[in-house]
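Structure file target_28.pdb with PDB, C-alpha atoms:
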MODEL        1
ATOM      1  CA  MET A  20      -7.917  24.377  31.407  1.00  0.00           C
ATOM      2  CA  ILE A  21      -9.998  22.390  28.917  1.00  0.00           C
ATOM      3  CA  LYS A  22      -9.885  18.634  29.554  1.00  0.00           C
ATOM      4  CA  ILE A  23      -8.531  16.419  26.775  1.00  0.00           C
ATOM      5  CA  ALA A  24     -11.748  14.381  26.854  1.00  0.00           C
ATOM      6  CA  GLU A  25     -13.589  17.402  25.415  1.00  0.00           C
ATOM      7  CA  ALA A  26     -11.758  16.874  22.109  1.00  0.00           C
ATOM      8  CA  PHE A  27     -13.159  13.375  21.702  1.00  0.00           C
ATOM      9  CA  ARG A  28     -16.899  14.006  21.828  1.00  0.00           C
ATOM     10  CA  ASP A  29     -16.709  13.094  18.145  1.00  0.00           C
ATOM     11  CA  THR A  30     -13.732  11.763  16.193  1.00  0.00           C
ATOM     12  CA  ALA A  31     -10.972  14.252  16.970  1.00  0.00           C
ATOM     13  CA  SER A  32      -8.899  16.099  14.395  1.00  0.00           C
ATOM     14  CA  ILE A  33      -5.554  16.797  16.102  1.00  0.00           C
ATOM     15  CA  ALA A  34      -3.139  19.342  14.634  1.00  0.00           C
ATOM     16  CA  TYR A  35       0.549  19.608  15.526  1.00  0.00           C
ATOM     17  CA  LEU A  36       2.487  22.892  15.277  1.00  0.00           C
ATOM     18  CA  MET A  37       6.022  23.737  16.384  1.00  0.00           C
ATOM     19  CA  ALA A  38       6.159  26.626  18.850  1.00  0.00           C
ATOM     20  CA  GLY A  39       8.396  29.416  17.577  1.00  0.00           C
ATOM     21  CA  ASP A  40       8.294  28.419  13.913  1.00  0.00           C
ATOM     22  CA  PRO A  41       8.666  30.883  12.283  1.00  0.00           C
ATOM     23  CA  ASP A  42       8.399  32.941  15.505  1.00  0.00           C
ATOM     24  CA  LEU A  43       6.333  32.889  18.695  1.00  0.00           C
ATOM     25  CA  ARG A  44       3.937  35.662  17.690  1.00  0.00           C
ATOM     26  CA  THR A  45       3.090  33.824  14.474  1.00  0.00           C
ATOM     27  CA  SER A  46       2.788  30.523  16.355  1.00  0.00           C
ATOM     28  CA  ALA A  47       0.067  32.038  18.524  1.00  0.00           C
ATOM     29  CA  GLU A  48      -1.774  33.189  15.399  1.00  0.00           C
ATOM     30  CA  TYR A  49      -1.447  29.767  13.746  1.00  0.00           C
ATOM     31  CA  ILE A  50      -2.718  27.882  16.811  1.00  0.00           C
ATOM     32  CA  LEU A  51      -5.854  30.013  16.686  1.00  0.00           C
ATOM     33  CA  THR A  52      -6.059  29.436  12.919  1.00  0.00           C
ATOM     34  CA  ALA A  53      -5.933  25.670  13.447  1.00  0.00           C
ATOM     35  CA  GLN A  54      -8.709  25.938  15.999  1.00  0.00           C
ATOM     36  CA  ASP A  55     -10.842  28.039  13.648  1.00  0.00           C
ATOM     37  CA  ALA A  56     -10.251  25.530  10.818  1.00  0.00           C
ATOM     38  CA  GLY A  57     -11.770  22.726  12.890  1.00  0.00           C
ATOM     39  CA  ALA A  58      -8.953  21.152  14.875  1.00  0.00           C
ATOM     40  CA  ASP A  59     -10.376  19.579  18.030  1.00  0.00           C
ATOM     41  CA  LEU A  60      -7.064  19.454  19.888  1.00  0.00           C
ATOM     42  CA  ILE A  61      -3.795  21.314  19.315  1.00  0.00           C
ATOM     43  CA  GLU A  62      -0.476  19.583  19.905  1.00  0.00           C
ATOM     44  CA  ILE A  63       2.285  22.156  20.445  1.00  0.00           C
ATOM     45  CA  GLY A  64       5.875  21.098  19.912  1.00  0.00           C
ATOM     46  CA  ILE A  65       8.522  22.557  22.215  1.00  0.00           C
ATOM     47  CA  PRO A  66      11.707  23.026  20.142  1.00  0.00           C
ATOM     48  CA  PHE A  67      14.597  20.844  21.291  1.00  0.00           C
ATOM     49  CA  SER A  68      18.096  20.305  19.924  1.00  0.00           C
ATOM     50  CA  ASP A  69      17.831  16.503  19.775  1.00  0.00           C
ATOM     51  CA  PRO A  70      14.239  15.575  18.784  1.00  0.00           C
ATOM     52  CA  ILE A  71      14.878  11.871  18.270  1.00  0.00           C
ATOM     53  CA  ALA A  72      11.275  10.916  17.395  1.00  0.00           C
ATOM     54  CA  GLU A  73      11.026  13.468  14.597  1.00  0.00           C
ATOM     55  CA  GLY A  74      11.675  13.244  10.880  1.00  0.00           C
ATOM     56  CA  GLU A  75      13.473  15.871   8.871  1.00  0.00           C
ATOM     57  CA  VAL A  76      10.466  18.213   8.503  1.00  0.00           C
ATOM     58  CA  ILE A  77       9.849  18.656  12.227  1.00  0.00           C
ATOM     59  CA  GLN A  78      13.568  18.535  13.026  1.00  0.00           C
ATOM     60  CA  ALA A  79      14.061  21.477  10.665  1.00  0.00           C
ATOM     61  CA  ALA A  80      11.157  23.338  12.313  1.00  0.00           C
ATOM     62  CA  SER A  81      12.735  22.796  15.720  1.00  0.00           C
ATOM     63  CA  MET A  82      16.047  24.204  14.488  1.00  0.00           C
ATOM     64  CA  ARG A  83      14.325  27.232  12.930  1.00  0.00           C
ATOM     65  CA  ALA A  84      12.518  27.926  16.194  1.00  0.00           C
ATOM     66  CA  LEU A  85      15.708  27.661  18.243  1.00  0.00           C
ATOM     67  CA  ARG A  86      17.588  29.907  15.831  1.00  0.00           C
ATOM     68  CA  ALA A  87      14.756  32.436  16.140  1.00  0.00           C
ATOM     69  CA  GLY A  88      15.453  32.559  19.881  1.00  0.00           C
ATOM     70  CA  THR A  89      12.575  30.391  21.120  1.00  0.00           C
ATOM     71  CA  ARG A  90      13.073  29.193  24.675  1.00  0.00           C
ATOM     72  CA  LEU A  91      10.792  27.368  27.102  1.00  0.00           C
ATOM     73  CA  ASP A  92       9.705  30.419  29.084  1.00  0.00           C
ATOM     74  CA  GLY A  93       8.819  32.132  25.808  1.00  0.00           C
ATOM     75  CA  VAL A  94       6.681  29.145  24.795  1.00  0.00           C
ATOM     76  CA  PHE A  95       4.812  29.331  28.099  1.00  0.00           C
ATOM     77  CA  GLU A  96       4.231  33.055  27.611  1.00  0.00           C
ATOM     78  CA  MET A  97       2.996  32.542  24.046  1.00  0.00           C
ATOM     79  CA  VAL A  98       0.512  29.851  25.094  1.00  0.00           C
ATOM     80  CA  GLY A  99      -0.658  31.955  28.017  1.00  0.00           C
ATOM     81  CA  SER A 100      -1.324  34.874  25.686  1.00  0.00           C
ATOM     82  CA  ILE A 101      -4.021  32.893  23.822  1.00  0.00           C
ATOM     83  CA  LYS A 102      -5.401  30.893  26.757  1.00  0.00           C
ATOM     84  CA  GLU A 103      -8.634  32.882  26.962  1.00  0.00           C
ATOM     85  CA  LYS A 104      -9.262  32.498  23.217  1.00  0.00           C
ATOM     86  CA  MET A 105      -8.971  28.706  23.192  1.00  0.00           C
ATOM     87  CA  ARG A 106     -12.078  26.539  22.916  1.00  0.00           C
ATOM     88  CA  VAL A 107     -10.159  23.272  22.431  1.00  0.00           C
ATOM     89  CA  PRO A 108      -7.517  21.593  24.607  1.00  0.00           C
ATOM     90  CA  MET A 109      -3.790  22.099  24.055  1.00  0.00           C
ATOM     91  CA  VAL A 110      -1.081  19.543  24.815  1.00  0.00           C
ATOM     92  CA  PHE A 111       2.686  19.855  24.696  1.00  0.00           C
ATOM     93  CA  MET A 112       4.897  17.486  22.716  1.00  0.00           C
ATOM     94  CA  THR A 113       8.416  17.601  24.130  1.00  0.00           C
ATOM     95  CA  TYR A 114      11.289  15.492  25.392  1.00  0.00           C
ATOM     96  CA  ALA A 115      12.372  14.395  28.848  1.00  0.00           C
ATOM     97  CA  ASN A 116      15.399  16.688  29.082  1.00  0.00           C
ATOM     98  CA  PRO A 117      13.620  20.079  28.921  1.00  0.00           C
ATOM     99  CA  VAL A 118      11.048  18.985  31.505  1.00  0.00           C
ATOM    100  CA  PHE A 119      13.668  17.513  33.854  1.00  0.00           C
ATOM    101  CA  VAL A 120      15.978  20.535  33.601  1.00  0.00           C
ATOM    102  CA  TYR A 121      13.116  23.007  34.163  1.00  0.00           C
ATOM    103  CA  GLY A 122      11.979  20.927  37.143  1.00  0.00           C
ATOM    104  CA  TYR A 123       8.907  18.679  37.093  1.00  0.00           C
ATOM    105  CA  GLY A 124       6.926  20.646  39.652  1.00  0.00           C
ATOM    106  CA  ARG A 125       7.761  24.030  38.150  1.00  0.00           C
ATOM    107  CA  PHE A 126       7.124  22.807  34.596  1.00  0.00           C
ATOM    108  CA  PHE A 127       3.692  21.357  35.268  1.00  0.00           C
ATOM    109  CA  ALA A 128       2.669  24.302  37.426  1.00  0.00           C
ATOM    110  CA  ARG A 129       3.390  26.570  34.445  1.00  0.00           C
ATOM    111  CA  CYS A 130       1.450  24.206  32.155  1.00  0.00           C
ATOM    112  CA  ALA A 131      -1.631  24.531  34.352  1.00  0.00           C
ATOM    113  CA  GLU A 132      -1.182  28.284  34.594  1.00  0.00           C
ATOM    114  CA  VAL A 133      -1.208  28.787  30.798  1.00  0.00           C
ATOM    115  CA  GLY A 134      -3.973  26.286  30.008  1.00  0.00           C
ATOM    116  CA  ILE A 135      -2.053  23.206  28.845  1.00  0.00           C
ATOM    117  CA  SER A 136      -4.091  20.041  29.415  1.00  0.00           C
ATOM    118  CA  GLY A 137      -1.571  17.297  28.716  1.00  0.00           C
ATOM    119  CA  ILE A 138       1.912  16.336  27.630  1.00  0.00           C
ATOM    120  CA  ILE A 139       3.511  13.785  25.298  1.00  0.00           C
ATOM    121  CA  ILE A 140       7.126  12.772  26.033  1.00  0.00           C
ATOM    122  CA  PRO A 141       8.133  10.219  23.374  1.00  0.00           C
ATOM    123  CA  ASP A 142      11.622   9.497  24.749  1.00  0.00           C
ATOM    124  CA  MET A 143      10.375   8.722  28.261  1.00  0.00           C
ATOM    125  CA  PRO A 144       9.835   4.940  28.554  1.00  0.00           C
ATOM    126  CA  PHE A 145       6.520   3.800  29.986  1.00  0.00           C
ATOM    127  CA  GLU A 146       8.284   2.214  32.949  1.00  0.00           C
ATOM    128  CA  GLU A 147       9.929   5.536  33.866  1.00  0.00           C
ATOM    129  CA  GLN A 148       6.891   7.820  33.712  1.00  0.00           C
ATOM    130  CA  THR A 149       6.008   7.637  37.415  1.00  0.00           C
ATOM    131  CA  GLU A 150       8.037  10.681  38.452  1.00  0.00           C
ATOM    132  CA  ALA A 151       6.585  12.852  35.669  1.00  0.00           C
ATOM    133  CA  LYS A 152       3.048  11.566  36.201  1.00  0.00           C
ATOM    134  CA  SER A 153       3.185  12.241  39.923  1.00  0.00           C
ATOM    135  CA  ALA A 154       4.149  15.887  39.406  1.00  0.00           C
ATOM    136  CA  ALA A 155       1.766  16.306  36.466  1.00  0.00           C
ATOM    137  CA  SER A 156      -1.240  14.928  38.350  1.00  0.00           C
ATOM    138  CA  GLU A 157      -0.735  17.474  41.133  1.00  0.00           C
ATOM    139  CA  HIS A 158      -1.518  20.179  38.584  1.00  0.00           C
ATOM    140  CA  GLY A 159      -4.217  18.357  36.609  1.00  0.00           C
ATOM    141  CA  ILE A 160      -1.984  17.618  33.604  1.00  0.00           C
ATOM    142  CA  GLU A 161      -2.495  14.280  31.816  1.00  0.00           C
ATOM    143  CA  VAL A 162       0.523  12.344  30.509  1.00  0.00           C
ATOM    144  CA  VAL A 163      -0.231  10.774  27.122  1.00  0.00           C
ATOM    145  CA  THR A 164       1.499   7.447  26.454  1.00  0.00           C
ATOM    146  CA  LEU A 165       2.533   6.087  23.059  1.00  0.00           C
ATOM    147  CA  VAL A 166       2.013   2.570  21.714  1.00  0.00           C
ATOM    148  CA  ALA A 167       4.437   1.420  19.010  1.00  0.00           C
ATOM    149  CA  PRO A 168       3.695  -1.007  16.136  1.00  0.00           C
ATOM    150  CA  THR A 169       6.114  -3.465  17.761  1.00  0.00           C
ATOM    151  CA  SER A 170       4.406  -3.473  21.178  1.00  0.00           C
ATOM    152  CA  SER A 171       3.325  -6.898  22.430  1.00  0.00           C
ATOM    153  CA  LYS A 172      -0.256  -7.607  23.513  1.00  0.00           C
ATOM    154  CA  ASN A 173       0.800  -7.678  27.156  1.00  0.00           C
ATOM    155  CA  ARG A 174       2.621  -4.359  26.868  1.00  0.00           C
ATOM    156  CA  ILE A 175      -0.288  -2.738  25.045  1.00  0.00           C
ATOM    157  CA  ALA A 176      -2.631  -3.868  27.809  1.00  0.00           C
ATOM    158  CA  GLU A 177      -0.273  -2.578  30.507  1.00  0.00           C
ATOM    159  CA  ILE A 178       0.021   0.831  28.838  1.00  0.00           C
ATOM    160  CA  ALA A 179      -3.712   1.056  28.224  1.00  0.00           C
ATOM    161  CA  ARG A 180      -4.685   0.266  31.812  1.00  0.00           C
ATOM    162  CA  THR A 181      -2.865   3.351  33.130  1.00  0.00           C
ATOM    163  CA  ALA A 182      -3.557   5.623  30.130  1.00  0.00           C
ATOM    164  CA  GLU A 183      -4.458   9.287  30.579  1.00  0.00           C
ATOM    165  CA  GLY A 184      -5.946  11.762  28.108  1.00  0.00           C
ATOM    166  CA  PHE A 185      -5.639   9.550  25.058  1.00  0.00           C
ATOM    167  CA  VAL A 186      -3.453   6.700  23.843  1.00  0.00           C
ATOM    168  CA  TYR A 187      -1.157   7.790  21.000  1.00  0.00           C
ATOM    169  CA  VAL A 188      -0.773   4.950  18.480  1.00  0.00           C
ATOM    170  CA  VAL A 189       2.320   5.290  16.303  1.00  0.00           C
ATOM    171  CA  SER A 190       1.203   4.232  12.820  1.00  0.00           C
ATOM    172  CA  SER A 191       4.585   3.198  11.439  1.00  0.00           C
ATOM    173  CA  MET A 192       8.100   2.261  12.449  1.00  0.00           C
ATOM    174  CA  GLY A 193      10.615   5.109  12.399  1.00  0.00           C
ATOM    175  CA  VAL A 194      10.255   8.831  12.952  1.00  0.00           C
ATOM    176  CA  THR A 195       7.515  11.319  12.150  1.00  0.00           C
ATOM    177  CA  GLY A 196       6.965  12.340   8.537  1.00  0.00           C
ATOM    178  CA  VAL A 197       4.524  12.170   5.642  1.00  0.00           C
ATOM    179  CA  ARG A 198       3.969   8.635   4.304  1.00  0.00           C
ATOM    180  CA  ASN A 199       2.178   7.657   1.101  1.00  0.00           C
ATOM    181  CA  ASP A 200       1.332   4.203   2.427  1.00  0.00           C
ATOM    182  CA  ILE A 201       0.808   3.026   6.009  1.00  0.00           C
ATOM    183  CA  ALA A 202       0.854  -0.757   6.140  1.00  0.00           C
ATOM    184  CA  THR A 203       0.730  -1.363   9.907  1.00  0.00           C
ATOM    185  CA  ASP A 204      -2.263  -3.379  11.144  1.00  0.00           C
ATOM    186  CA  ILE A 205      -3.624  -0.447  13.143  1.00  0.00           C
ATOM    187  CA  SER A 206      -7.047  -2.029  13.696  1.00  0.00           C
ATOM    188  CA  THR A 207      -5.568  -4.893  15.696  1.00  0.00           C
ATOM    189  CA  ILE A 208      -3.544  -2.510  17.877  1.00  0.00           C
ATOM    190  CA  VAL A 209      -6.572  -0.283  18.534  1.00  0.00           C
ATOM    191  CA  ASN A 210      -8.718  -3.297  19.391  1.00  0.00           C
ATOM    192  CA  GLU A 211      -6.094  -4.506  21.875  1.00  0.00           C
ATOM    193  CA  ILE A 212      -6.052  -1.089  23.540  1.00  0.00           C
ATOM    194  CA  LYS A 213      -9.855  -0.958  23.708  1.00  0.00           C
ATOM    195  CA  ARG A 214      -9.897  -4.265  25.588  1.00  0.00           C
ATOM    196  CA  SER A 215      -8.161  -2.575  28.525  1.00  0.00           C
ATOM    197  CA  THR A 216      -9.362   1.042  28.600  1.00  0.00           C
ATOM    198  CA  ASP A 217     -12.123   3.460  27.693  1.00  0.00           C
ATOM    199  CA  VAL A 218      -9.566   6.245  27.156  1.00  0.00           C
ATOM    200  CA  PRO A 219      -9.702   7.506  23.527  1.00  0.00           C
ATOM    201  CA  VAL A 220      -7.185   6.297  20.966  1.00  0.00           C
ATOM    202  CA  ALA A 221      -5.570   8.590  18.382  1.00  0.00           C
ATOM    203  CA  ILE A 222      -3.336   7.619  15.459  1.00  0.00           C
ATOM    204  CA  GLY A 223      -0.323   9.660  14.366  1.00  0.00           C
ATOM    205  CA  PHE A 224       2.938   9.547  12.361  1.00  0.00           C
ATOM    206  CA  GLY A 225       2.595   9.865   8.599  1.00  0.00           C
ATOM    207  CA  ILE A 226      -1.030  10.905   8.073  1.00  0.00           C
ATOM    208  CA  SER A 227      -1.238  13.714   5.521  1.00  0.00           C
ATOM    209  CA  THR A 228      -4.209  13.323   3.150  1.00  0.00           C
ATOM    210  CA  PRO A 229      -7.993  13.552   3.618  1.00  0.00           C
ATOM    211  CA  GLU A 230      -8.230   9.961   2.363  1.00  0.00           C
ATOM    212  CA  GLN A 231      -5.868   8.766   5.104  1.00  0.00           C
ATOM    213  CA  ALA A 232      -7.744  10.852   7.663  1.00  0.00           C
ATOM    214  CA  LYS A 233     -11.007   9.177   6.642  1.00  0.00           C
ATOM    215  CA  GLN A 234      -9.435   5.701   6.735  1.00  0.00           C
ATOM    216  CA  PHE A 235      -8.033   6.071  10.232  1.00  0.00           C
ATOM    217  CA  SER A 236     -10.977   7.997  11.658  1.00  0.00           C
ATOM    218  CA  ASN A 237     -13.006   4.841  10.989  1.00  0.00           C
ATOM    219  CA  ILE A 238     -10.587   2.883  13.178  1.00  0.00           C
ATOM    220  CA  ALA A 239      -9.725   5.201  16.066  1.00  0.00           C
ATOM    221  CA  ASP A 240     -11.117   8.111  18.074  1.00  0.00           C
ATOM    222  CA  GLY A 241      -8.704  10.677  16.678  1.00  0.00           C
ATOM    223  CA  VAL A 242      -6.260  11.412  13.869  1.00  0.00           C
ATOM    224  CA  ILE A 243      -3.030  13.386  14.384  1.00  0.00           C
ATOM    225  CA  VAL A 244      -1.458  15.412  11.573  1.00  0.00           C
ATOM    226  CA  GLY A 245       1.935  17.026  12.075  1.00  0.00           C
ATOM    227  CA  SER A 246       4.592  17.021   9.368  1.00  0.00           C
ATOM    228  CA  ALA A 247       2.201  18.070   6.596  1.00  0.00           C
ATOM    229  CA  ILE A 248       1.149  21.119   8.654  1.00  0.00           C
ATOM    230  CA  VAL A 249       4.739  21.992   9.549  1.00  0.00           C
ATOM    231  CA  ARG A 250       5.702  21.712   5.873  1.00  0.00           C
ATOM    232  CA  ILE A 251       3.100  24.351   4.962  1.00  0.00           C
ATOM    233  CA  ILE A 252       4.531  26.703   7.579  1.00  0.00           C
ATOM    234  CA  ALA A 253       8.061  26.022   6.305  1.00  0.00           C
ATOM    235  CA  GLN A 254       6.960  26.946   2.780  1.00  0.00           C
ATOM    236  CA  TYR A 255       4.925  30.065   3.545  1.00  0.00           C
ATOM    237  CA  GLY A 256       6.460  31.339   6.798  1.00  0.00           C
ATOM    238  CA  THR A 257       4.518  34.250   8.234  1.00  0.00           C
ATOM    239  CA  GLU A 258       2.125  34.161   5.261  1.00  0.00           C
ATOM    240  CA  ALA A 259       0.828  30.610   5.851  1.00  0.00           C
ATOM    241  CA  LYS A 260      -2.494  31.451   7.541  1.00  0.00           C
ATOM    242  CA  GLN A 261      -4.825  30.826   4.608  1.00  0.00           C
ATOM    243  CA  GLU A 262      -2.987  27.738   3.354  1.00  0.00           C
ATOM    244  CA  LEU A 263      -2.921  26.372   6.890  1.00  0.00           C
ATOM    245  CA  HIS A 264      -6.628  27.006   7.413  1.00  0.00           C
ATOM    246  CA  ASP A 265      -7.575  25.412   4.095  1.00  0.00           C
ATOM    247  CA  TYR A 266      -5.456  22.310   4.698  1.00  0.00           C
ATOM    248  CA  ILE A 267      -6.672  21.650   8.258  1.00  0.00           C
ATOM    249  CA  ALA A 268     -10.284  22.270   7.186  1.00  0.00           C
ATOM    250  CA  ALA A 269      -9.860  19.777   4.317  1.00  0.00           C
ATOM    251  CA  MET A 270      -8.468  17.145   6.690  1.00  0.00           C
ATOM    252  CA  LYS A 271     -11.393  17.715   9.049  1.00  0.00           C
ATOM    253  CA  ARG A 272     -13.871  17.336   6.190  1.00  0.00           C
ATOM    254  CA  GLY A 273     -12.094  14.147   5.135  1.00  0.00           C
ATOM    255  CA  MET A 274     -12.865  12.656   8.529  1.00  0.00           C
TER
ENDMDL
END

Rewrite the structure of this file - the entire thing - as structure tokens.
Amino acid sequence: MIKIAEAFRDTASIAYLMAGDPDLRTSAEYILTAQDAGADLIEIGIPFSDPIAEGEVIQAASMRALRAGTRLDGVFEMVGSIKEKMRVPMVFMTYANPVFVYGYGRFFARCAEVGISGIIIPDMPFEEQTEAKSAASEHGIEVVTLVAPTSSKNRIAEIARTAEGFVYVVSSMGVTGVRNDIATDISTIVNEIKRSTDVPVAIGFGISTPEQAKQFSNIADGVIVGSAIVRIIAQYGTEAKQELHDYIAAMKRGM
């Protein structure tokens, strides 16, 4: 597998796509498209029936994927089918329930087998990550932790000291989704993280324009774009390749 650190040799452009939207075969094609357009790391959503961190765009994508018959084993098979074509790291974005039900050891063994480098589990509290981290580390998988805008200095420092892969800074209160204005004092949060770790910091939730990408790439080590990409796929379905490539390339140029 490709280590997450490889994505952060320069400021990383991170693209999120929902596995199975509109179908798994097309997802594989779009992951490769994102890579070709300049994404330095691909975040792959695993569809789940109760994605509590997501806004309506990604929730809808999750429902489309589930209705199309996407299941966890199918996601693993899809990722494995493109493993040898990937030049950038891939991480899963999922929830605690699918990982727990599949079995920690079995889940992370499959991740390593198909070339997944890390995992983000937004509904797993920092204090409860030990069990997942223990199983993940046995297979070389890094568990990415999130820092919220409401996190105290002490909590930020505690999270940063044990961070793996990168620290995911949530730009705004609420769920994922495109935002015209992000008013959170991100610089202060990033500076607090940097006091306690050398692990890269990436900003996500709400970033959708090249101007925003430029703004936040001057603050952090990476910029995550999700809902805007998923919206393109929702609009164009299996014909989204060119639009997807052009958008991700424009965001990369903006950085």

**Item:** Best match for closeness to Arg214 in chain A among A:Leu263, A:Val244, A:Ala179, A:Ala31, counting all atoms listed in the file
**Value:** A:Ala179

Contacts of range 108-114 of chain A at 10 Å or less, counting all atoms listed in the file, minus same-chain residues fewer than 2 places along, as a short mmCIF file (atom, residue, chain, number, x, y, z; two decimals) with C-alpha atoms, in the coordinates of the input?
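Printed below is part19.cif as written:
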data_model
loop_
_atom_site.label_atom_id
_atom_site.label_comp_id
_atom_site.auth_asym_id
_atom_site.auth_seq_id
_atom_site.Cartn_x
_atom_site.Cartn_y
_atom_site.Cartn_z
CA MET A 20 -7.92 24.38 31.41
CA ILE A 21 -10.00 22.39 28.92
CA LYS A 22 -9.88 18.63 29.55
CA ILE A 23 -8.53 16.42 26.78
CA ALA A 24 -11.75 14.38 26.85
CA GLU A 25 -13.59 17.40 25.42
CA ALA A 26 -11.76 16.87 22.11
CA ILE A 33 -5.55 16.80 16.10
CA ALA A 34 -3.14 19.34 14.63
CA TYR A 35 0.55 19.61 15.53
CA LEU A 36 2.49 22.89 15.28
CA MET A 37 6.02 23.74 16.38
CA ALA A 38 6.16 26.63 18.85
CA ILE A 50 -2.72 27.88 16.81
CA GLN A 54 -8.71 25.94 16.00
CA ALA A 58 -8.95 21.15 14.88
CA ASP A 59 -10.38 19.58 18.03
CA LEU A 60 -7.06 19.45 19.89
CA ILE A 61 -3.80 21.31 19.32
CA GLU A 62 -0.48 19.58 19.90
CA ILE A 63 2.28 22.16 20.44
CA GLY A 64 5.88 21.10 19.91
CA ILE A 65 8.52 22.56 22.22
CA PRO A 66 11.71 23.03 20.14
CA PHE A 67 14.60 20.84 21.29
CA SER A 68 18.10 20.30 19.92
CA ASP A 69 17.83 16.50 19.77
CA PRO A 70 14.24 15.58 18.78
CA ILE A 71 14.88 11.87 18.27
CA ALA A 72 11.28 10.92 17.40
CA VAL A 98 0.51 29.85 25.09
CA LYS A 102 -5.40 30.89 26.76
CA MET A 105 -8.97 28.71 23.19
CA ARG A 106 -12.08 26.54 22.92
CA ASN A 116 15.40 16.69 29.08
CA PRO A 117 13.62 20.08 28.92
CA VAL A 118 11.05 18.98 31.50
CA PHE A 119 13.67 17.51 33.85
CA CYS A 130 1.45 24.21 32.16
CA VAL A 133 -1.21 28.79 30.80
CA GLY A 134 -3.97 26.29 30.01
CA ILE A 135 -2.05 23.21 28.84
CA SER A 136 -4.09 20.04 29.42
CA GLY A 137 -1.57 17.30 28.72
CA ILE A 138 1.91 16.34 27.63
CA ILE A 139 3.51 13.78 25.30
CA ILE A 140 7.13 12.77 26.03
CA PRO A 141 8.13 10.22 23.37
CA ASP A 142 11.62 9.50 24.75
CA MET A 143 10.38 8.72 28.26
CA ILE A 160 -1.98 17.62 33.60
CA GLU A 161 -2.50 14.28 31.82
CA VAL A 162 0.52 12.34 30.51
CA VAL A 163 -0.23 10.77 27.12
CA GLY A 184 -5.95 11.76 28.11
#

**Request:** Go through the shown structure with the PyMOL selection byres ((chain A and resi 252) around 12) and write out the matching residues as a ChimeraX atom specification.
**Result:** /A:35-42,45-46,48-50,76-77,79-80,83-84,245-251,253-264,266

**Prompt:** Which residues come within 12 Å of Ser170 in chain A, counting only C-alpha atoms, excluding same-chain residues fewer than 5 positions away, as a PyMOL selection string?
**Reply:** chain A and resi 145+165+175-179+188-192+205+207-209+211-212

Export of prior selection with C-alpha atoms as a JSON list (two decimals), in the frame of the given file:
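Final output, out25.json:
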[["chain", "number", "residue", "atom", "x", "y", "z"],
["A", 145, "PHE", "CA", 6.52, 3.80, 29.99],
["A", 165, "LEU", "CA", 2.53, 6.09, 23.06],
["A", 175, "ILE", "CA", -0.29, -2.74, 25.04],
["A", 176, "ALA", "CA", -2.63, -3.87, 27.81],
["A", 177, "GLU", "CA", -0.27, -2.58, 30.51],
["A", 178, "ILE", "CA", 0.02, 0.83, 28.84],
["A", 179, "ALA", "CA", -3.71, 1.06, 28.22],
["A", 188, "VAL", "CA", -0.77, 4.95, 18.48],
["A", 189, "VAL", "CA", 2.32, 5.29, 16.30],
["A", 190, "SER", "CA", 1.20, 4.23, 12.82],
["A", 191, "SER", "CA", 4.58, 3.20, 11.44],
["A", 192, "MET", "CA", 8.10, 2.26, 12.45],
["A", 205, "ILE", "CA", -3.62, -0.45, 13.14],
["A", 207, "THR", "CA", -5.57, -4.89, 15.70],
["A", 208, "ILE", "CA", -3.54, -2.51, 17.88],
["A", 209, "VAL", "CA", -6.57, -0.28, 18.53],
["A", 211, "GLU", "CA", -6.09, -4.51, 21.88],
["A", 212, "ILE", "CA", -6.05, -1.09, 23.54]]

**Message:** Could you tell me how far CA of Leu43 in chain A sits from CA of Thr89 in chain A, in Å to one decimal place?
**Reply:** 7.1 Å

**Prompt:** Any idea what the distance is between CA of Asn210 in chain A and CA of Val186 in chain A?
**Reply:**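 For CA of Asn210 in chain A relative to CA of Val186 in chain A, the distance reads 12.1 Å.
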
**Request:** Measure the distance from CA of Val242 in chain A to CA of Lys172 in chain A in Å and round it to one decimal.
**Result:** 22.2 Å

**Item:** Which residue of A:Met274, A:Ala115, A:Ala47, A:Val218 approaches Gly93 in chain A most closely, using all atoms listed in the file
**Value:**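 Among the listed residues, A:Ala47 lies closest to Gly93 in chain A.
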
**Request:** Measuring atom to atom with all atoms listed in the file, identify which of A:Leu85, A:Lys233, A:Leu91, A:Asp55 is nearest to Lys104 in chain A.
**Result:**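 Of A:Leu85, A:Lys233, A:Leu91, A:Asp55, the one nearest Lys104 in chain A, counting all atoms listed in the file, is A:Asp55.
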